[in-house]
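K.L.:
Contents of input-v8.cif (mmCIF, N, CA and C atoms) are below:
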data_data
#
loop_
_atom_site.label_atom_id
_atom_site.label_comp_id
_atom_site.auth_asym_id
_atom_site.auth_seq_id
_atom_site.Cartn_x
_atom_site.Cartn_y
_atom_site.Cartn_z
N MET A 27 18.52 9.63 2.73
CA MET A 27 17.18 10.19 2.73
C MET A 27 16.17 9.04 2.73
N GLN A 28 15.23 9.08 3.65
CA GLN A 28 14.14 8.11 3.69
C GLN A 28 13.04 8.58 2.74
N VAL A 29 12.47 7.65 1.98
CA VAL A 29 11.45 7.98 0.98
C VAL A 29 10.16 7.24 1.32
N VAL A 30 9.03 7.93 1.11
CA VAL A 30 7.71 7.31 1.25
C VAL A 30 6.94 7.50 -0.06
N PHE A 31 5.89 6.70 -0.24
CA PHE A 31 5.13 6.70 -1.47
C PHE A 31 3.68 7.08 -1.19
N ALA A 32 3.10 7.88 -2.07
CA ALA A 32 1.70 8.27 -1.92
C ALA A 32 0.80 7.09 -2.25
N LYS A 33 -0.15 6.78 -1.35
CA LYS A 33 -1.07 5.67 -1.55
C LYS A 33 -2.25 6.07 -2.43
N GLY A 34 -2.46 7.35 -2.60
CA GLY A 34 -3.58 7.84 -3.40
C GLY A 34 -3.33 9.27 -3.79
N SER A 35 -4.30 9.88 -4.46
CA SER A 35 -4.15 11.26 -4.90
C SER A 35 -5.00 12.18 -4.03
N SER A 36 -4.46 13.36 -3.76
CA SER A 36 -5.14 14.32 -2.91
C SER A 36 -4.44 15.67 -3.03
N VAL A 37 -5.05 16.68 -2.44
CA VAL A 37 -4.40 17.99 -2.29
C VAL A 37 -4.18 18.16 -0.79
N VAL A 38 -2.93 18.37 -0.41
CA VAL A 38 -2.57 18.47 1.00
C VAL A 38 -2.29 19.92 1.35
N THR A 39 -2.90 20.38 2.43
CA THR A 39 -2.65 21.74 2.93
C THR A 39 -1.63 21.64 4.05
N THR A 40 -0.54 22.39 3.91
CA THR A 40 0.51 22.39 4.92
C THR A 40 0.24 23.50 5.93
N PRO A 41 0.89 23.46 7.10
CA PRO A 41 0.65 24.46 8.13
C PRO A 41 0.87 25.91 7.68
N ASP A 42 1.72 26.12 6.67
CA ASP A 42 1.95 27.48 6.19
C ASP A 42 0.87 27.95 5.22
N GLY A 43 -0.17 27.11 5.01
CA GLY A 43 -1.27 27.49 4.13
C GLY A 43 -1.09 27.04 2.69
N GLY A 44 0.03 26.45 2.38
CA GLY A 44 0.27 25.98 1.01
C GLY A 44 -0.61 24.79 0.67
N ARG A 45 -1.04 24.70 -0.59
CA ARG A 45 -1.83 23.57 -1.06
C ARG A 45 -1.00 22.84 -2.10
N HIS A 46 -0.76 21.56 -1.86
CA HIS A 46 0.16 20.78 -2.70
C HIS A 46 -0.54 19.55 -3.26
N PRO A 47 -0.61 19.43 -4.59
CA PRO A 47 -1.21 18.23 -5.17
C PRO A 47 -0.27 17.03 -5.01
N VAL A 48 -0.84 15.91 -4.63
CA VAL A 48 -0.10 14.66 -4.48
C VAL A 48 -0.79 13.63 -5.35
N THR A 49 -0.01 12.90 -6.15
CA THR A 49 -0.54 11.87 -7.03
C THR A 49 -0.10 10.51 -6.53
N GLY A 50 -1.02 9.56 -6.52
CA GLY A 50 -0.71 8.21 -6.07
C GLY A 50 0.52 7.66 -6.78
N GLY A 51 1.42 7.05 -6.01
CA GLY A 51 2.65 6.49 -6.56
C GLY A 51 3.84 7.42 -6.51
N GLN A 52 3.61 8.72 -6.32
CA GLN A 52 4.75 9.64 -6.22
C GLN A 52 5.58 9.30 -4.99
N HIS A 53 6.87 9.53 -5.07
CA HIS A 53 7.70 9.35 -3.88
C HIS A 53 8.12 10.71 -3.35
N TRP A 54 8.15 10.81 -2.02
CA TRP A 54 8.44 12.05 -1.32
C TRP A 54 9.43 11.77 -0.19
N PRO A 55 10.27 12.75 0.16
CA PRO A 55 11.11 12.59 1.35
C PRO A 55 10.20 12.45 2.58
N SER A 56 10.54 11.53 3.47
CA SER A 56 9.66 11.27 4.62
C SER A 56 9.55 12.44 5.58
N ASP A 57 10.48 13.39 5.52
CA ASP A 57 10.42 14.54 6.41
C ASP A 57 9.88 15.80 5.72
N ASP A 58 9.33 15.65 4.51
CA ASP A 58 8.76 16.78 3.77
C ASP A 58 7.52 17.30 4.51
N PRO A 59 7.29 18.61 4.55
CA PRO A 59 6.11 19.16 5.21
C PRO A 59 4.79 18.59 4.69
N VAL A 60 4.73 18.23 3.41
CA VAL A 60 3.50 17.63 2.85
C VAL A 60 3.26 16.26 3.51
N VAL A 61 4.30 15.46 3.64
CA VAL A 61 4.18 14.14 4.27
C VAL A 61 3.80 14.29 5.74
N LEU A 62 4.42 15.22 6.42
CA LEU A 62 4.14 15.43 7.83
C LEU A 62 2.72 15.94 8.06
N ALA A 63 2.16 16.67 7.09
CA ALA A 63 0.81 17.20 7.21
C ALA A 63 -0.26 16.14 6.93
N ALA A 64 0.09 15.09 6.19
CA ALA A 64 -0.88 14.04 5.84
C ALA A 64 -0.21 12.67 5.88
N PRO A 65 0.26 12.23 7.05
CA PRO A 65 1.02 10.97 7.12
C PRO A 65 0.22 9.75 6.67
N GLY A 66 -1.09 9.76 6.82
CA GLY A 66 -1.92 8.62 6.41
C GLY A 66 -2.00 8.43 4.91
N LEU A 67 -1.59 9.44 4.15
CA LEU A 67 -1.62 9.37 2.69
C LEU A 67 -0.39 8.67 2.14
N PHE A 68 0.62 8.44 2.98
CA PHE A 68 1.91 7.91 2.53
C PHE A 68 2.26 6.59 3.21
N THR A 69 3.11 5.81 2.54
CA THR A 69 3.58 4.54 3.08
C THR A 69 5.02 4.30 2.63
N SER A 70 5.72 3.45 3.36
CA SER A 70 7.07 3.07 2.94
C SER A 70 7.03 1.86 2.01
N ASP A 71 5.83 1.31 1.78
CA ASP A 71 5.64 0.15 0.90
C ASP A 71 5.89 0.55 -0.55
N ALA A 72 6.97 0.04 -1.13
CA ALA A 72 7.39 0.44 -2.48
C ALA A 72 6.42 0.00 -3.57
N ARG A 73 5.48 -0.90 -3.27
CA ARG A 73 4.50 -1.30 -4.29
C ARG A 73 3.71 -0.11 -4.80
N PHE A 74 3.58 0.93 -3.99
CA PHE A 74 2.84 2.11 -4.41
C PHE A 74 3.64 2.99 -5.36
N GLY A 75 4.93 2.74 -5.50
CA GLY A 75 5.75 3.56 -6.37
C GLY A 75 6.30 2.83 -7.59
N VAL A 76 5.89 1.59 -7.78
CA VAL A 76 6.44 0.77 -8.85
C VAL A 76 5.49 0.76 -10.04
N SER A 77 6.05 0.90 -11.24
CA SER A 77 5.28 0.78 -12.47
C SER A 77 5.63 -0.56 -13.11
N TYR A 78 4.63 -1.27 -13.61
CA TYR A 78 4.88 -2.54 -14.28
C TYR A 78 3.69 -2.88 -15.18
N SER A 79 3.93 -3.74 -16.16
CA SER A 79 2.84 -4.16 -17.04
C SER A 79 2.19 -5.45 -16.53
N VAL A 80 2.97 -6.29 -15.86
CA VAL A 80 2.47 -7.51 -15.22
C VAL A 80 3.10 -7.55 -13.83
N ALA A 81 2.28 -7.68 -12.81
CA ALA A 81 2.78 -7.65 -11.43
C ALA A 81 3.76 -8.78 -11.17
N PRO A 82 4.99 -8.45 -10.75
CA PRO A 82 5.93 -9.50 -10.35
C PRO A 82 5.37 -10.24 -9.13
N PRO A 83 5.66 -11.53 -8.98
CA PRO A 83 5.09 -12.29 -7.86
C PRO A 83 5.34 -11.66 -6.49
N GLU A 84 6.52 -11.09 -6.29
CA GLU A 84 6.82 -10.51 -4.97
C GLU A 84 6.05 -9.22 -4.70
N LEU A 85 5.41 -8.64 -5.72
CA LEU A 85 4.64 -7.42 -5.52
C LEU A 85 3.14 -7.66 -5.54
N SER A 86 2.71 -8.86 -5.90
CA SER A 86 1.27 -9.13 -5.92
C SER A 86 0.79 -9.52 -4.53
N GLU A 87 -0.49 -9.39 -4.32
CA GLU A 87 -1.07 -9.72 -3.02
C GLU A 87 -1.03 -11.23 -2.81
N PRO A 88 -0.87 -11.67 -1.57
CA PRO A 88 -0.91 -13.12 -1.32
C PRO A 88 -2.30 -13.66 -1.62
N PRO A 89 -2.40 -14.93 -1.99
CA PRO A 89 -3.72 -15.48 -2.30
C PRO A 89 -4.60 -15.50 -1.05
N VAL A 90 -5.89 -15.35 -1.26
CA VAL A 90 -6.85 -15.36 -0.16
C VAL A 90 -7.16 -16.81 0.18
N GLU A 91 -7.08 -17.13 1.45
CA GLU A 91 -7.37 -18.49 1.88
C GLU A 91 -8.86 -18.74 1.85
N THR A 92 -9.27 -19.89 1.33
CA THR A 92 -10.68 -20.23 1.25
C THR A 92 -11.13 -20.83 2.58
N ALA A 93 -12.22 -20.32 3.12
CA ALA A 93 -12.70 -20.77 4.42
C ALA A 93 -13.48 -22.08 4.34
N THR A 94 -14.09 -22.36 3.20
CA THR A 94 -14.87 -23.59 3.06
C THR A 94 -14.30 -24.43 1.92
N ALA A 95 -14.57 -25.72 1.98
CA ALA A 95 -14.07 -26.64 0.95
C ALA A 95 -14.88 -26.48 -0.33
N ARG A 96 -14.20 -26.65 -1.45
CA ARG A 96 -14.87 -26.65 -2.75
C ARG A 96 -15.59 -27.99 -2.90
N PRO A 97 -16.60 -28.09 -3.78
CA PRO A 97 -17.29 -29.37 -3.96
C PRO A 97 -16.29 -30.50 -4.26
N GLY A 98 -16.39 -31.58 -3.49
CA GLY A 98 -15.51 -32.73 -3.69
C GLY A 98 -14.18 -32.64 -2.96
N GLU A 99 -13.86 -31.50 -2.38
CA GLU A 99 -12.58 -31.32 -1.68
C GLU A 99 -12.72 -31.78 -0.24
N LYS A 100 -11.75 -32.56 0.24
CA LYS A 100 -11.75 -33.03 1.63
C LYS A 100 -10.88 -32.10 2.46
N ARG A 101 -11.36 -31.73 3.62
CA ARG A 101 -10.60 -30.90 4.57
C ARG A 101 -10.31 -31.73 5.80
N ALA A 102 -9.16 -31.50 6.40
CA ALA A 102 -8.81 -32.20 7.64
C ALA A 102 -9.66 -31.66 8.77
N ALA A 103 -10.22 -32.57 9.57
CA ALA A 103 -11.03 -32.17 10.71
C ALA A 103 -10.14 -32.01 11.93
N VAL A 104 -10.42 -31.01 12.74
CA VAL A 104 -9.68 -30.77 13.96
C VAL A 104 -10.63 -30.96 15.12
N LYS A 105 -10.28 -31.89 16.03
CA LYS A 105 -11.13 -32.11 17.21
C LYS A 105 -10.65 -31.19 18.32
N ARG A 106 -11.56 -30.53 18.93
CA ARG A 106 -11.25 -29.63 20.04
C ARG A 106 -11.85 -30.20 21.31
N GLY A 107 -11.12 -29.98 22.38
CA GLY A 107 -11.71 -30.37 23.65
C GLY A 107 -10.95 -31.30 24.45
#
Just dump the structure as structure tokens.
P.N.:
Amino acid sequence: MQVVFAKGSSVVTTPDGGRHPVTGGQHWPSDDPVVLAAPGLFTSDARFGVSYSVAPPELSEPPVETATARPGEKRAAVKRG
């Protein structure tokens, strides 16, 4: 069985008229009618289904690269042309 994780909370209406509450982090079968009715609400990224008190390094976001140098920091120059 393939499993997907809810990225957020919502109420999903399925084609049969059913209304189903979905809570962020819940895991659902990927072929469930709720998932098929709202595919953008779900992901296969397990970070949305993991509980932790301190984010393990492999689950945290990569650091954001700084576009400009900090005061006193030297950057390598690239010549174009």
K.L.:
Mind telling me what the PyMOL selection byres ((chain A and resi 31) around 6) catches here, as a list of chain:residue names?
P.N.:
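In the shown coordinates, the PyMOL selection byres ((chain A and resi 31) around 6) covers A:Val29, A:Val30, A:Ala32, A:Lys33, A:Gly51, A:Gln52, A:His53, A:Trp54, A:Leu67, A:Phe68, A:Thr69, A:Ser70, A:Asp71, A:Phe74, A:Gly75.
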K.L.:
Point out the residue among A:Thr40, A:Pro97, A:Ser35, A:Gln28 with the least atom-to-atom distance to Leu62 (chain A), counting all atoms listed in the file.
P.N.:
A:Thr40
K.L.:
Selection in question (the file shown): the PyMOL selection byres ((chain A and resi 48) around 6). Which residues does it include, as a PyMOL selection string?
P.N.:
chain A and resi 34-38+46-47+49-50
K.L.:
What gap, in Å, lies between CA of Pro41 (chain A) and CA of Gly66 (chain A)?
P.N.:
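Separation between CA of Pro41 (chain A) and CA of Gly66 (chain A): 16.1 Å.
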K.L.:
Which of region 32-65 of chain A counts as alpha helix (DSSP H) under DSSP, as JSON, numbers by chain please?
P.N.:
{"A": [59, 60, 61, 62, 63]}
